[in-house]
Amino acid sequence: MIELYGADYSVYVRSARLALAEKGLAYKHVPIDVFAPEGPPADYLALHPFGKIPALKHGDATLYETVAILRYIDEAFDGPPLQPDDPLGRARMTQILSILDTYAYRTLVWDIFVERIVKTRDGTPADEVKIAAAMGAARTIITALESLCSGGSFLLGTRPSLADCHAAPMLALFQMAEEGSLLLKAAPRLSAWLAHFATRPSFQETAPQSRD
Ligand SMILES: N[C@@H](CCC(=O)N[C@@H](CS)C(=O)NCC(=O)O)C(=O)O
């Protein structure tokens with residue numbers, strides 16, 4: 001039995017859920033709200049000492065850090081492979097995963113999507129200075145991903161990989177902000193990939209039900 005801990009509003013949890021769905025694996029989703037006023041339950045820290053989501057349990061094995069979870073999902077179970085066969089393809093996949101974690105998450109999700117969409121939902125004004133300051137980095141991220149995108153149906157060619165699973169949740173939120181939509185329009189391969197990936201059953205099944 002696989003157990004995945006986390007909230008469906010989280011882009012990182014959605015990456016893991018996308019990999020599980022693309023692999024065709026059944027799992028139990030255990031909700032953990034890291035943004036609850038009282039924080040995550042104290043016993044969750046035994047699974048994730050940094051108190052982030054997701055974490056995964058499989059038998060006696062426990063894992064945290066999404067990229068480690070993604071690799072485990074792909075390598076420990078049967079199902080369609082979610083990593084390229086060749087060394088350069090695998091290196092490109094790792095490069096994209098690293099760009100997403102190191103540069104994209106904070107800039108695209110927190111500095112732009114959360115400011116422009118989440119904060120303004122309840123009437124709080126967006127921090128325009130923060131958004132403007134993030135735009136240079138956002139442009140660099142989108143340009144880099146556009147140049148790494150193969151132009152096929154998936155980021156890296158003709159079958160889905162962990163790169164798609166990790167990139168789609170972040171870019172889908174970014175695109176909801178007008179700044180994201182404009183930058184993505186100038187990246188035709190990346191936009192076409194995102195539009196295509198968004199039609200996959202895995203993406204539709206993992207749409208956030210609660211808050212983004
Ligand atoms: N490095 C972690 C990052 C996970 C992460 O930041 N998750 C967010 C939700 S999308 C979180 O738990 N945030 C809670 C917080 O920052 O307090 C991973 O790769 O899993």
# chains A, B, ... in the order shown; residues from 1 in each chain; ligands from 1
>>> select_by_dssp(residues="region 25-197 of chain A", states="strand (DSSP E)", output="list of chain:residue names")
A:Lys28, A:His29, A:Val30, A:Ala55, A:Leu56, A:Lys57, A:His58, A:Ala61, A:Thr62, A:Leu63, A:Tyr64
>>> write_last_selection(atoms="C-alpha atoms", output="PDB file, in the first residue's frame")
ATOM      1  CA  LYS A  28      -4.173   6.323  -0.288  1.00  0.00           C
ATOM      2  CA  HIS A  29      -4.110  10.124  -0.138  1.00  0.00           C
ATOM      3  CA  VAL A  30      -3.763  11.280   3.477  1.00  0.00           C
ATOM      4  CA  ALA A  55       5.736  12.676   2.102  1.00  0.00           C
ATOM      5  CA  LEU A  56       5.259   9.101   0.982  1.00  0.00           C
ATOM      6  CA  LYS A  57       5.036   5.817   2.866  1.00  0.00           C
ATOM      7  CA  HIS A  58       5.398   2.423   1.193  1.00  0.00           C
ATOM      8  CA  ALA A  61       9.953   2.947   3.585  1.00  0.00           C
ATOM      9  CA  THR A  62       9.208   6.620   4.182  1.00  0.00           C
ATOM     10  CA  LEU A  63      10.360   9.359   1.831  1.00  0.00           C
ATOM     11  CA  TYR A  64      10.195  13.129   1.603  1.00  0.00           C
TER      12      TYR A  64
END
>>> residues_near_ligand(ligand="ligand 1", cutoff="7 Å", atoms="only C-alpha atoms and all ligand atoms", output="ChimeraX atom specification")
/A:10-13,34-35,51-54,64-67,101
>>> write_last_selection(atoms="N, CA and C atoms", output="PDB file, in the first residue's frame")
ATOM      1  N   SER A  10      -1.424  21.717  -3.143  1.00  0.00           N
ATOM      2  CA  SER A  10       0.031  21.883  -3.269  1.00  0.00           C
ATOM      3  C   SER A  10       0.541  21.428  -4.631  1.00  0.00           C
ATOM      4  N   VAL A  11       1.352  22.280  -5.272  1.00  0.00           N
ATOM      5  CA  VAL A  11       1.922  21.882  -6.567  1.00  0.00           C
ATOM      6  C   VAL A  11       2.855  20.687  -6.414  1.00  0.00           C
ATOM      7  N   TYR A  12       3.544  20.601  -5.284  1.00  0.00           N
ATOM      8  CA  TYR A  12       4.466  19.478  -5.084  1.00  0.00           C
ATOM      9  C   TYR A  12       3.703  18.170  -4.877  1.00  0.00           C
ATOM     10  N   VAL A  13       2.633  18.238  -4.134  1.00  0.00           N
ATOM     11  CA  VAL A  13       1.802  17.033  -3.944  1.00  0.00           C
ATOM     12  C   VAL A  13       1.210  16.617  -5.292  1.00  0.00           C
ATOM     13  N   VAL A  34      -0.574  21.939   5.514  1.00  0.00           N
ATOM     14  CA  VAL A  34       0.575  22.625   6.129  1.00  0.00           C
ATOM     15  C   VAL A  34       0.282  24.086   6.435  1.00  0.00           C
ATOM     16  N   PHE A  35      -0.757  24.622   5.792  1.00  0.00           N
ATOM     17  CA  PHE A  35      -1.063  26.031   6.036  1.00  0.00           C
ATOM     18  C   PHE A  35      -2.220  26.210   7.025  1.00  0.00           C
ATOM     19  N   GLY A  51       8.567  19.724   7.797  1.00  0.00           N
ATOM     20  CA  GLY A  51       7.153  20.098   7.871  1.00  0.00           C
ATOM     21  C   GLY A  51       6.550  20.515   6.542  1.00  0.00           C
ATOM     22  N   LYS A  52       7.097  20.047   5.435  1.00  0.00           N
ATOM     23  CA  LYS A  52       6.541  20.384   4.111  1.00  0.00           C
ATOM     24  C   LYS A  52       5.763  19.185   3.579  1.00  0.00           C
ATOM     25  N   ILE A  53       5.051  19.404   2.491  1.00  0.00           N
ATOM     26  CA  ILE A  53       4.355  18.311   1.803  1.00  0.00           C
ATOM     27  C   ILE A  53       4.880  18.227   0.377  1.00  0.00           C
ATOM     28  N   PRO A  54       4.938  17.006  -0.197  1.00  0.00           N
ATOM     29  CA  PRO A  54       4.398  15.726   0.267  1.00  0.00           C
ATOM     30  C   PRO A  54       5.436  14.893   1.027  1.00  0.00           C
ATOM     31  N   TYR A  64      10.645  11.762   1.871  1.00  0.00           N
ATOM     32  CA  TYR A  64      10.195  13.129   1.603  1.00  0.00           C
ATOM     33  C   TYR A  64      11.170  13.756   0.627  1.00  0.00           C
ATOM     34  N   GLU A  65      10.798  14.894   0.066  1.00  0.00           N
ATOM     35  CA  GLU A  65      11.432  15.593  -1.055  1.00  0.00           C
ATOM     36  C   GLU A  65      10.859  15.013  -2.354  1.00  0.00           C
ATOM     37  N   THR A  66      10.175  15.889  -3.072  1.00  0.00           N
ATOM     38  CA  THR A  66       9.362  15.438  -4.209  1.00  0.00           C
ATOM     39  C   THR A  66      10.169  14.707  -5.282  1.00  0.00           C
ATOM     40  N   VAL A  67      11.357  15.213  -5.591  1.00  0.00           N
ATOM     41  CA  VAL A  67      12.121  14.549  -6.664  1.00  0.00           C
ATOM     42  C   VAL A  67      12.487  13.123  -6.248  1.00  0.00           C
ATOM     43  N   ASP A 101      12.630  23.382  -9.071  1.00  0.00           N
ATOM     44  CA  ASP A 101      12.783  23.505  -7.615  1.00  0.00           C
ATOM     45  C   ASP A 101      13.566  24.747  -7.222  1.00  0.00           C
TER      46      ASP A 101
END
>>> closest_atom_pairs(of="region 8-99 of chain A", to="region 147-166 of chain A", cutoff="10 Å", atoms="only C-alpha atoms", output="Markdown table")
| residue | atom | partner | partner_atom | distance |
| --- | --- | --- | --- | --- |
| A:Val11 | CA | A:His166 | CA | 8.1 |
| A:Tyr12 | CA | A:His166 | CA | 7.3 |
| A:Val13 | CA | A:His166 | CA | 9.5 |
| A:Arg14 | CA | A:Cys165 | CA | 8.0 |
| A:Ser15 | CA | A:His166 | CA | 4.8 |
| A:Ala16 | CA | A:Cys165 | CA | 7.4 |
| A:Arg17 | CA | A:Cys165 | CA | 8.4 |
| A:Leu18 | CA | A:Cys165 | CA | 5.5 |
| A:Ala19 | CA | A:Cys165 | CA | 5.9 |
| A:Leu20 | CA | A:Cys165 | CA | 9.5 |
| A:Ala21 | CA | A:Cys165 | CA | 9.8 |
| A:Glu22 | CA | A:Pro160 | CA | 7.9 |
| A:Thr66 | CA | A:His166 | CA | 8.6 |
| A:Val67 | CA | A:His166 | CA | 8.4 |
| A:Leu70 | CA | A:Leu162 | CA | 6.7 |
| A:Arg71 | CA | A:Leu162 | CA | 7.8 |
| A:Ile73 | CA | A:Leu162 | CA | 9.7 |
| A:Asp74 | CA | A:Leu162 | CA | 8.3 |
| A:Pro80 | CA | A:Pro160 | CA | 9.0 |
| A:Pro81 | CA | A:Ser161 | CA | 7.6 |
| A:Leu82 | CA | A:Ser161 | CA | 4.1 |
| A:Gln83 | CA | A:Ser161 | CA | 5.2 |
| A:Pro84 | CA | A:Ser161 | CA | 7.1 |
| A:Gly89 | CA | A:Leu156 | CA | 7.3 |
| A:Arg90 | CA | A:Leu156 | CA | 9.4 |
| A:Arg92 | CA | A:Leu148 | CA | 7.6 |
| A:Met93 | CA | A:Ala163 | CA | 5.5 |
| A:Thr94 | CA | A:Ala163 | CA | 7.7 |
| A:Gln95 | CA | A:Ala163 | CA | 9.0 |
| A:Ile96 | CA | A:Ala163 | CA | 6.2 |
| A:Leu97 | CA | A:Ala163 | CA | 6.0 |
| A:Ser98 | CA | A:Ala163 | CA | 9.7 |
>>> residues_around(residues="Gly59 (chain A)", least_positions_apart="4", cutoff="12 Å", atoms="only C-alpha atoms", output="list of chain:residue names")
A:Met1, A:Ile2, A:Glu3, A:Leu63
>>> closest_residue(among="A:Ala186, A:Val114, A:Ala36, A:Leu4", to="Ile69 (chain A)", atoms="only C-alpha atoms")
A:Leu4
>>> residues_around(residues="Gly180 (chain A)", least_positions_apart="5", cutoff="8 Å", atoms="only C-alpha atoms", output="list of chain:residue names")
A:Leu108, A:Ile112, A:Phe174, A:Gln175
>>> atom_distance(atom1="CA of Ala138 (chain A)", atom2="CA of Thr120 (chain A)")
20.2 Å
>>> residues_around(residues="Tyr44 (chain A)", least_positions_apart="4", cutoff="9 Å", atoms="only C-alpha atoms", output="PyMOL selection string")
chain A and resi 5+32+40+48-49+51
>>> write_last_selection(atoms="C-alpha atoms", output="PDB file, in the first residue's frame")
ATOM      1  CA  TYR A   5       0.628  12.689   2.590  1.00  0.00           C
ATOM      2  CA  ILE A  32      -2.146  17.178   5.570  1.00  0.00           C
ATOM      3  CA  PRO A  40       0.698  20.342  10.310  1.00  0.00           C
ATOM      4  CA  HIS A  48       8.912  15.133   7.210  1.00  0.00           C
ATOM      5  CA  PRO A  49      11.212  16.921   9.650  1.00  0.00           C
ATOM      6  CA  GLY A  51       7.153  20.098   7.871  1.00  0.00           C
TER       7      GLY A  51
END
>>> select_by_dssp(residues="chain A", states="alpha helix (DSSP H)", output="MDAnalysis selection string")
chainID A and resid 11:23 66:76 87:99 119:121 128:148 162:176 178:185 188:197 201:205
>>> atom_distance(atom1="CA of Ile142 (chain A)", atom2="CA of Arg106 (chain A)")
13.7 Å
>>> residues_around(residues="Glu146 (chain A)", least_positions_apart="6", cutoff="8 Å", atoms="only C-alpha atoms", output="list in words")
Ala187, Pro188, Arg189 and Leu190 of chain A
>>> write_last_selection(atoms="N, CA and C atoms", output="mmCIF file, in the first residue's frame")
data_model
loop_
_atom_site.group_PDB
_atom_site.id
_atom_site.type_symbol
_atom_site.label_atom_id
_atom_site.label_comp_id
_atom_site.auth_asym_id
_atom_site.auth_seq_id
_atom_site.Cartn_x
_atom_site.Cartn_y
_atom_site.Cartn_z
ATOM 1 N N ALA A 187 6.092 31.786 -25.539
ATOM 2 C CA ALA A 187 6.866 30.526 -25.513
ATOM 3 C C ALA A 187 5.995 29.444 -26.165
ATOM 4 N N PRO A 188 5.955 29.393 -27.500
ATOM 5 C CA PRO A 188 4.942 28.564 -28.176
ATOM 6 C C PRO A 188 5.062 27.065 -27.899
ATOM 7 N N ARG A 189 6.298 26.542 -27.801
ATOM 8 C CA ARG A 189 6.426 25.084 -27.560
ATOM 9 C C ARG A 189 5.919 24.744 -26.155
ATOM 10 N N LEU A 190 6.312 25.579 -25.206
ATOM 11 C CA LEU A 190 5.908 25.336 -23.812
ATOM 12 C C LEU A 190 4.386 25.474 -23.652
#
>>> closest_residue(among="A:Ala42, A:Met176, A:Glu205, A:Asp60", to="Val118 (chain A)", atoms="only C-alpha atoms")
A:Met176
>>> closest_residue(among="A:Arg139, A:Ala126, A:Ala26, A:Tyr105", to="Ala172 (chain A)", atoms="only C-alpha atoms")
A:Tyr105
>>> closest_residue(among="A:Gly24, A:Pro31, A:Ala134, A:Tyr9", to="Pro201 (chain A)", atoms="only C-alpha atoms")
A:Gly24
>>> closest_residue(among="A:Met170, A:Gly123, A:Tyr103, A:Pro208", to="Ala7 (chain A)", atoms="only C-alpha atoms")
A:Pro208
